[in-house]
Amino acid sequence: MTLPTQYDNLDDRIRYYDLQLERDLDHLPSHPLPAGYRFTLYRPGDRESWLAIEQSAKEFDTRERGLELWAQYFGSHEAELPRRMVFVENAAGEKVATASAYFDVIHGDPSGSGWLHWVAVRRDCQGRGLSKPLIAHTLQRMRDLGYTHAKIPTQTTSWLAVKVYLDLGFLPIPQNAAEARQGWRIVSALTGHPALRGFPPASPEEIQKDR
């Protein structure tokens, strides 16, 4: 099998595996925003900005699907969003990136960890150094909310985001590392990240989905 010369940062040609990472919330990294950007928190009416950012970043294909996911994750907890949902605004006041210092609303994680959810940068603003400052700031907000430990749910198709999380000190959750070992081997092959030395890189045939 001949692989593409480059995978997109969210690429459904890659075999899909659910991945989970974690880290403690002490000694958080510091990554300032580039000049011309600032952080803001959710305000009523910001759902449309969230939908636009997430759809631009290919987290879902249609606004209708985005509304379904919004209802699933945030619909019963919108009162929490002004202290949990972070945005990055540009100099024109446009919201161009978002992440949430949230909790496991789907399965009810009994550990009490905070969950970093729905990290996305608008497509035309990717590559401008926004993702690490956004994540670091959201983790600080999570700690300010009283959490001491953070988890991230993600997937192999978002391999470049996984690299960013590893750069910021996250590591595979041991149970997930065992259950989704093949997925971590795929990320190891695509990123060469030193934190994944224990996962032999997957072969090209193991990375890409069968046509």
# chains A, B, ... in the order shown; residues from 1 in each chain; ligands from 1

call {"tool": "residues_around", "arguments": {"residues": "range 157-165 of chain A", "least_positions_apart": "4", "cutoff": "9 Å", "atoms": "only C-alpha atoms", "output": "VMD selection string"}}
result
chain A and resid 8 to 17 19 21 119 131 to 132 135 152 169 to 171 186 to 187 190 to 191 193

call {"tool": "residues_around", "arguments": {"residues": "range 144-151 of chain A", "least_positions_apart": "6", "cutoff": "8 Å", "atoms": "only C-alpha atoms", "output": "number ranges by chain"}}
result
A: 20-26, 112-116

call {"tool": "write_last_selection", "arguments": {"atoms": "N, CA, C and O atoms", "output": "PDB file, in the first residue's frame"}}
result
ATOM      1  N   GLN A  20      -7.302   7.831  24.896  1.00  0.00           N
ATOM      2  CA  GLN A  20      -7.483   8.665  26.081  1.00  0.00           C
ATOM      3  C   GLN A  20      -6.120   8.961  26.694  1.00  0.00           C
ATOM      4  O   GLN A  20      -5.276   8.061  26.794  1.00  0.00           O
ATOM      5  N   LEU A  21      -5.936  10.204  27.087  1.00  0.00           N
ATOM      6  CA  LEU A  21      -4.695  10.641  27.733  1.00  0.00           C
ATOM      7  C   LEU A  21      -5.029  11.290  29.065  1.00  0.00           C
ATOM      8  O   LEU A  21      -6.170  11.687  29.326  1.00  0.00           O
ATOM      9  N   GLU A  22      -3.986  11.442  29.910  1.00  0.00           N
ATOM     10  CA  GLU A  22      -4.173  12.054  31.211  1.00  0.00           C
ATOM     11  C   GLU A  22      -2.894  12.742  31.668  1.00  0.00           C
ATOM     12  O   GLU A  22      -1.798  12.436  31.187  1.00  0.00           O
ATOM     13  N   ARG A  23      -3.056  13.666  32.610  1.00  0.00           N
ATOM     14  CA  ARG A  23      -1.934  14.259  33.326  1.00  0.00           C
ATOM     15  C   ARG A  23      -2.479  14.946  34.570  1.00  0.00           C
ATOM     16  O   ARG A  23      -3.645  15.336  34.643  1.00  0.00           O
ATOM     17  N   ASP A  24      -1.599  15.083  35.577  1.00  0.00           N
ATOM     18  CA  ASP A  24      -1.946  15.878  36.744  1.00  0.00           C
ATOM     19  C   ASP A  24      -1.910  17.358  36.374  1.00  0.00           C
ATOM     20  O   ASP A  24      -1.265  17.763  35.400  1.00  0.00           O
ATOM     21  N   LEU A  25      -2.600  18.159  37.184  1.00  0.00           N
ATOM     22  CA  LEU A  25      -2.717  19.581  36.871  1.00  0.00           C
ATOM     23  C   LEU A  25      -1.770  20.443  37.696  1.00  0.00           C
ATOM     24  O   LEU A  25      -1.997  21.649  37.836  1.00  0.00           O
ATOM     25  N   ASP A  26      -0.704  19.850  38.225  1.00  0.00           N
ATOM     26  CA  ASP A  26       0.339  20.675  38.822  1.00  0.00           C
ATOM     27  C   ASP A  26       1.415  20.955  37.764  1.00  0.00           C
ATOM     28  O   ASP A  26       1.519  20.261  36.762  1.00  0.00           O
ATOM     29  N   GLY A 112     -13.557  11.657  39.174  1.00  0.00           N
ATOM     30  CA  GLY A 112     -13.652  13.083  39.463  1.00  0.00           C
ATOM     31  C   GLY A 112     -12.685  13.940  38.682  1.00  0.00           C
ATOM     32  O   GLY A 112     -12.513  15.125  38.987  1.00  0.00           O
ATOM     33  N   SER A 113     -12.038  13.372  37.680  1.00  0.00           N
ATOM     34  CA  SER A 113     -11.099  14.139  36.854  1.00  0.00           C
ATOM     35  C   SER A 113     -11.839  15.170  36.008  1.00  0.00           C
ATOM     36  O   SER A 113     -13.000  14.973  35.623  1.00  0.00           O
ATOM     37  N   GLY A 114     -11.142  16.253  35.683  1.00  0.00           N
ATOM     38  CA  GLY A 114     -11.645  17.160  34.671  1.00  0.00           C
ATOM     39  C   GLY A 114     -11.371  16.577  33.293  1.00  0.00           C
ATOM     40  O   GLY A 114     -10.393  15.837  33.101  1.00  0.00           O
ATOM     41  N   TRP A 115     -12.219  16.890  32.335  1.00  0.00           N
ATOM     42  CA  TRP A 115     -12.060  16.387  30.970  1.00  0.00           C
ATOM     43  C   TRP A 115     -11.935  17.562  30.013  1.00  0.00           C
ATOM     44  O   TRP A 115     -12.788  18.472  30.014  1.00  0.00           O
ATOM     45  N   LEU A 116     -10.882  17.559  29.228  1.00  0.00           N
ATOM     46  CA  LEU A 116     -10.682  18.582  28.203  1.00  0.00           C
ATOM     47  C   LEU A 116     -11.471  18.160  26.969  1.00  0.00           C
ATOM     48  O   LEU A 116     -11.197  17.115  26.379  1.00  0.00           O
TER      49      LEU A 116
END

call {"tool": "select_by_dssp", "arguments": {"residues": "range 63-139 of chain A", "states": "strand (DSSP E)", "output": "mmCIF file with all heavy atoms, in the first residue's frame"}}
result
data_model
loop_
_atom_site.group_PDB
_atom_site.id
_atom_site.type_symbol
_atom_site.label_atom_id
_atom_site.label_comp_id
_atom_site.auth_asym_id
_atom_site.auth_seq_id
_atom_site.Cartn_x
_atom_site.Cartn_y
_atom_site.Cartn_z
ATOM 1 N N MET A 85 -16.198 27.083 29.189
ATOM 2 C CA MET A 85 -15.915 27.103 27.750
ATOM 3 C C MET A 85 -15.071 28.319 27.405
ATOM 4 O O MET A 85 -15.476 29.463 27.615
ATOM 5 C CB MET A 85 -17.205 27.103 26.928
ATOM 6 C CG MET A 85 -16.971 27.024 25.428
ATOM 7 S SD MET A 85 -18.504 26.870 24.466
ATOM 8 C CE MET A 85 -18.914 25.143 24.768
ATOM 9 N N VAL A 86 -13.882 28.055 26.864
ATOM 10 C CA VAL A 86 -12.903 29.090 26.528
ATOM 11 C C VAL A 86 -12.912 29.328 25.026
ATOM 12 O O VAL A 86 -13.054 28.399 24.234
ATOM 13 C CB VAL A 86 -11.492 28.658 26.982
ATOM 14 C CG1 VAL A 86 -10.442 29.674 26.565
ATOM 15 C CG2 VAL A 86 -11.461 28.438 28.497
ATOM 16 N N PHE A 87 -12.766 30.587 24.632
ATOM 17 C CA PHE A 87 -12.573 30.948 23.228
ATOM 18 C C PHE A 87 -11.302 31.779 23.083
ATOM 19 O O PHE A 87 -10.866 32.442 24.037
ATOM 20 C CB PHE A 87 -13.740 31.786 22.704
ATOM 21 C CG PHE A 87 -15.026 31.031 22.539
ATOM 22 C CD1 PHE A 87 -15.995 31.045 23.535
ATOM 23 C CD2 PHE A 87 -15.280 30.305 21.383
ATOM 24 C CE1 PHE A 87 -17.187 30.352 23.385
ATOM 25 C CE2 PHE A 87 -16.469 29.611 21.214
ATOM 26 C CZ PHE A 87 -17.423 29.637 22.221
ATOM 27 N N VAL A 88 -10.740 31.743 21.891
ATOM 28 C CA VAL A 88 -9.699 32.683 21.489
ATOM 29 C C VAL A 88 -10.320 33.624 20.466
ATOM 30 O O VAL A 88 -10.948 33.166 19.494
ATOM 31 C CB VAL A 88 -8.480 31.973 20.872
ATOM 32 C CG1 VAL A 88 -7.474 33.000 20.349
ATOM 33 C CG2 VAL A 88 -7.818 31.064 21.895
ATOM 34 N N GLU A 89 -10.162 34.918 20.678
ATOM 35 C CA GLU A 89 -10.643 35.926 19.736
ATOM 36 C C GLU A 89 -9.462 36.583 19.039
ATOM 37 O O GLU A 89 -8.407 36.789 19.648
ATOM 38 C CB GLU A 89 -11.458 37.001 20.452
ATOM 39 C CG GLU A 89 -12.817 36.547 20.911
ATOM 40 C CD GLU A 89 -13.652 37.681 21.492
ATOM 41 O OE1 GLU A 89 -13.086 38.774 21.740
ATOM 42 O OE2 GLU A 89 -14.849 37.477 21.723
ATOM 43 N N LYS A 95 -14.287 34.964 17.107
ATOM 44 C CA LYS A 95 -13.873 33.769 17.846
ATOM 45 C C LYS A 95 -13.317 32.760 16.860
ATOM 46 O O LYS A 95 -13.998 32.364 15.906
ATOM 47 C CB LYS A 95 -15.052 33.209 18.634
ATOM 48 C CG LYS A 95 -15.462 34.125 19.789
ATOM 49 C CD LYS A 95 -16.649 33.579 20.541
ATOM 50 C CE LYS A 95 -16.893 34.405 21.799
ATOM 51 N NZ LYS A 95 -17.196 35.821 21.514
ATOM 52 N N VAL A 96 -12.067 32.328 17.091
ATOM 53 C CA VAL A 96 -11.376 31.486 16.105
ATOM 54 C C VAL A 96 -10.899 30.157 16.683
ATOM 55 O O VAL A 96 -10.385 29.319 15.934
ATOM 56 C CB VAL A 96 -10.179 32.243 15.486
ATOM 57 C CG1 VAL A 96 -10.655 33.514 14.770
ATOM 58 C CG2 VAL A 96 -9.135 32.591 16.541
ATOM 59 N N ALA A 97 -11.055 29.941 17.972
ATOM 60 C CA ALA A 97 -10.628 28.689 18.593
ATOM 61 C C ALA A 97 -11.404 28.498 19.885
ATOM 62 O O ALA A 97 -11.871 29.471 20.493
ATOM 63 C CB ALA A 97 -9.129 28.690 18.867
ATOM 64 N N THR A 98 -11.531 27.237 20.316
ATOM 65 C CA THR A 98 -12.290 26.961 21.527
ATOM 66 C C THR A 98 -11.840 25.657 22.172
ATOM 67 O O THR A 98 -11.292 24.769 21.507
ATOM 68 C CB THR A 98 -13.805 26.885 21.228
ATOM 69 O OG1 THR A 98 -14.539 26.747 22.448
ATOM 70 C CG2 THR A 98 -14.141 25.733 20.304
ATOM 71 N N ALA A 99 -12.065 25.559 23.464
ATOM 72 C CA ALA A 99 -11.862 24.334 24.243
ATOM 73 C C ALA A 99 -12.684 24.474 25.514
ATOM 74 O O ALA A 99 -13.036 25.590 25.909
ATOM 75 C CB ALA A 99 -10.390 24.120 24.580
ATOM 76 N N SER A 100 -12.972 23.353 26.161
ATOM 77 C CA SER A 100 -13.786 23.399 27.365
ATOM 78 C C SER A 100 -13.134 22.630 28.509
ATOM 79 O O SER A 100 -12.684 21.497 28.319
ATOM 80 C CB SER A 100 -15.179 22.814 27.093
ATOM 81 O OG SER A 100 -15.901 23.642 26.211
ATOM 82 N N ALA A 101 -13.098 23.261 29.669
ATOM 83 C CA ALA A 101 -12.658 22.628 30.912
ATOM 84 C C ALA A 101 -13.874 21.944 31.511
ATOM 85 O O ALA A 101 -14.611 22.530 32.305
ATOM 86 C CB ALA A 101 -12.080 23.681 31.867
ATOM 87 N N TYR A 102 -14.086 20.698 31.124
ATOM 88 C CA TYR A 102 -15.390 20.085 31.329
ATOM 89 C C TYR A 102 -15.280 18.849 32.215
ATOM 90 O O TYR A 102 -14.343 18.712 33.006
ATOM 91 C CB TYR A 102 -15.971 19.746 29.950
ATOM 92 C CG TYR A 102 -17.471 19.876 29.852
ATOM 93 C CD1 TYR A 102 -18.130 21.021 30.272
ATOM 94 C CD2 TYR A 102 -18.233 18.837 29.308
ATOM 95 C CE1 TYR A 102 -19.504 21.136 30.173
ATOM 96 C CE2 TYR A 102 -19.612 18.940 29.201
ATOM 97 C CZ TYR A 102 -20.242 20.091 29.635
ATOM 98 O OH TYR A 102 -21.601 20.203 29.530
ATOM 99 N N GLY A 114 -11.142 16.253 35.683
ATOM 100 C CA GLY A 114 -11.645 17.160 34.671
ATOM 101 C C GLY A 114 -11.371 16.577 33.293
ATOM 102 O O GLY A 114 -10.393 15.837 33.101
ATOM 103 N N TRP A 115 -12.219 16.890 32.335
ATOM 104 C CA TRP A 115 -12.060 16.387 30.970
ATOM 105 C C TRP A 115 -11.935 17.562 30.013
ATOM 106 O O TRP A 115 -12.788 18.472 30.014
ATOM 107 C CB TRP A 115 -13.252 15.507 30.577
ATOM 108 C CG TRP A 115 -13.181 14.137 31.193
ATOM 109 C CD1 TRP A 115 -13.239 13.841 32.531
ATOM 110 C CD2 TRP A 115 -13.019 12.896 30.508
ATOM 111 N NE1 TRP A 115 -13.123 12.481 32.727
ATOM 112 C CE2 TRP A 115 -12.996 11.874 31.500
ATOM 113 C CE3 TRP A 115 -12.906 12.542 29.167
ATOM 114 C CZ2 TRP A 115 -12.853 10.530 31.184
ATOM 115 C CZ3 TRP A 115 -12.778 11.197 28.852
ATOM 116 C CH2 TRP A 115 -12.745 10.212 29.847
ATOM 117 N N LEU A 116 -10.882 17.559 29.228
ATOM 118 C CA LEU A 116 -10.682 18.582 28.203
ATOM 119 C C LEU A 116 -11.471 18.160 26.969
ATOM 120 O O LEU A 116 -11.197 17.115 26.379
ATOM 121 C CB LEU A 116 -9.201 18.712 27.877
ATOM 122 C CG LEU A 116 -8.817 19.818 26.893
ATOM 123 C CD1 LEU A 116 -9.040 21.185 27.514
ATOM 124 C CD2 LEU A 116 -7.364 19.655 26.461
ATOM 125 N N HIS A 117 -12.442 18.972 26.592
ATOM 126 C CA HIS A 117 -13.352 18.586 25.513
ATOM 127 C C HIS A 117 -13.349 19.598 24.371
ATOM 128 O O HIS A 117 -13.175 20.798 24.583
ATOM 129 C CB HIS A 117 -14.786 18.479 26.051
ATOM 130 C CG HIS A 117 -15.155 17.094 26.493
ATOM 131 N ND1 HIS A 117 -15.071 15.982 25.679
ATOM 132 C CD2 HIS A 117 -15.638 16.639 27.686
ATOM 133 C CE1 HIS A 117 -15.492 14.913 26.339
ATOM 134 N NE2 HIS A 117 -15.830 15.275 27.553
ATOM 135 N N TRP A 118 -13.548 19.075 23.157
ATOM 136 C CA TRP A 118 -13.843 19.867 21.963
ATOM 137 C C TRP A 118 -12.819 20.980 21.729
ATOM 138 O O TRP A 118 -13.164 22.156 21.608
ATOM 139 C CB TRP A 118 -15.265 20.432 22.033
ATOM 140 C CG TRP A 118 -16.300 19.357 21.960
ATOM 141 C CD1 TRP A 118 -17.006 18.819 22.996
ATOM 142 C CD2 TRP A 118 -16.702 18.651 20.780
ATOM 143 N NE1 TRP A 118 -17.840 17.824 22.545
ATOM 144 C CE2 TRP A 118 -17.679 17.698 21.176
ATOM 145 C CE3 TRP A 118 -16.347 18.741 19.428
ATOM 146 C CZ2 TRP A 118 -18.285 16.840 20.267
ATOM 147 C CZ3 TRP A 118 -16.955 17.878 18.535
ATOM 148 C CH2 TRP A 118 -17.919 16.945 18.955
ATOM 149 N N VAL A 119 -11.557 20.586 21.662
ATOM 150 C CA VAL A 119 -10.474 21.521 21.331
ATOM 151 C C VAL A 119 -10.460 21.704 19.816
ATOM 152 O O VAL A 119 -10.357 20.727 19.072
ATOM 153 C CB VAL A 119 -9.116 20.979 21.806
ATOM 154 C CG1 VAL A 119 -8.001 21.956 21.445
ATOM 155 C CG2 VAL A 119 -9.138 20.705 23.313
ATOM 156 N N ALA A 120 -10.567 22.935 19.340
ATOM 157 C CA ALA A 120 -10.581 23.170 17.896
ATOM 158 C C ALA A 120 -10.110 24.580 17.576
ATOM 159 O O ALA A 120 -10.392 25.524 18.320
ATOM 160 C CB ALA A 120 -11.977 22.955 17.317
ATOM 161 N N VAL A 121 -9.403 24.689 16.467
ATOM 162 C CA VAL A 121 -8.972 25.982 15.920
ATOM 163 C C VAL A 121 -9.576 26.111 14.526
ATOM 164 O O VAL A 121 -9.524 25.156 13.736
ATOM 165 C CB VAL A 121 -7.433 26.074 15.848
ATOM 166 C CG1 VAL A 121 -7.006 27.410 15.229
ATOM 167 C CG2 VAL A 121 -6.819 25.913 17.234
#

call {"tool": "closest_residue", "arguments": {"among": "A:Cys125, A:Gln140, A:Pro110, A:Arg84", "to": "Ala57 in chain A", "atoms": "only C-alpha atoms"}}
result
A:Cys125

call {"tool": "closest_residue", "arguments": {"among": "A:Glu206, A:Arg47, A:Gln55, A:Leu166", "to": "Ala71 in chain A", "atoms": "only C-alpha atoms"}}
result
A:Arg47

call {"tool": "select_by_dssp", "arguments": {"residues": "chain A", "states": "alpha helix (DSSP H)", "output": "PyMOL selection string"}}
result
chain A and resi 47-56+63-74+81-84+131-144+159-167+174-179+181-191+204-207

call {"tool": "atom_distance", "arguments": {"atom1": "CA of Gln155 in chain A", "atom2": "CA of Leu28 in chain A"}}
result
23.3 Å

call {"tool": "closest_residue", "arguments": {"among": "A:Ile106, A:Pro194, A:Tyr7, A:Arg122", "to": "Ala52 in chain A", "atoms": "only C-alpha atoms"}}
result
A:Arg122

call {"tool": "residues_around", "arguments": {"residues": "Arg181 in chain A", "least_positions_apart": "4", "cutoff": "12 Å", "atoms": "only C-alpha atoms", "output": "list in words"}}
result
Tyr17, Asp18, Leu19, Gln20, Thr156, Pro172, Ile173, Pro174, Gln175, Asn176, Ala177, Arg185, Ile186, Val187, Ser188, Leu196, Gly198, Phe199, Pro200, Pro201 and Ala202 of chain A

call {"tool": "closest_residue", "arguments": {"among": "A:Leu168, A:Leu134, A:Ala178, A:Asp124", "to": "Ala195 in chain A", "atoms": "only C-alpha atoms"}}
result
A:Leu168

call {"tool": "atom_distance", "arguments": {"atom1": "CA of Arg63 in chain A", "atom2": "CA of Asp46 in chain A"}}
result
14.3 Å

call {"tool": "atom_distance", "arguments": {"atom1": "CA of Ser56 in chain A", "atom2": "CA of Trp184 in chain A"}}
result
26.2 Å

call {"tool": "closest_residue", "arguments": {"among": "A:Gly66, A:Gly75, A:Pro133, A:Gly108", "to": "Arg38 in chain A", "atoms": "only C-alpha atoms"}}
result
A:Pro133
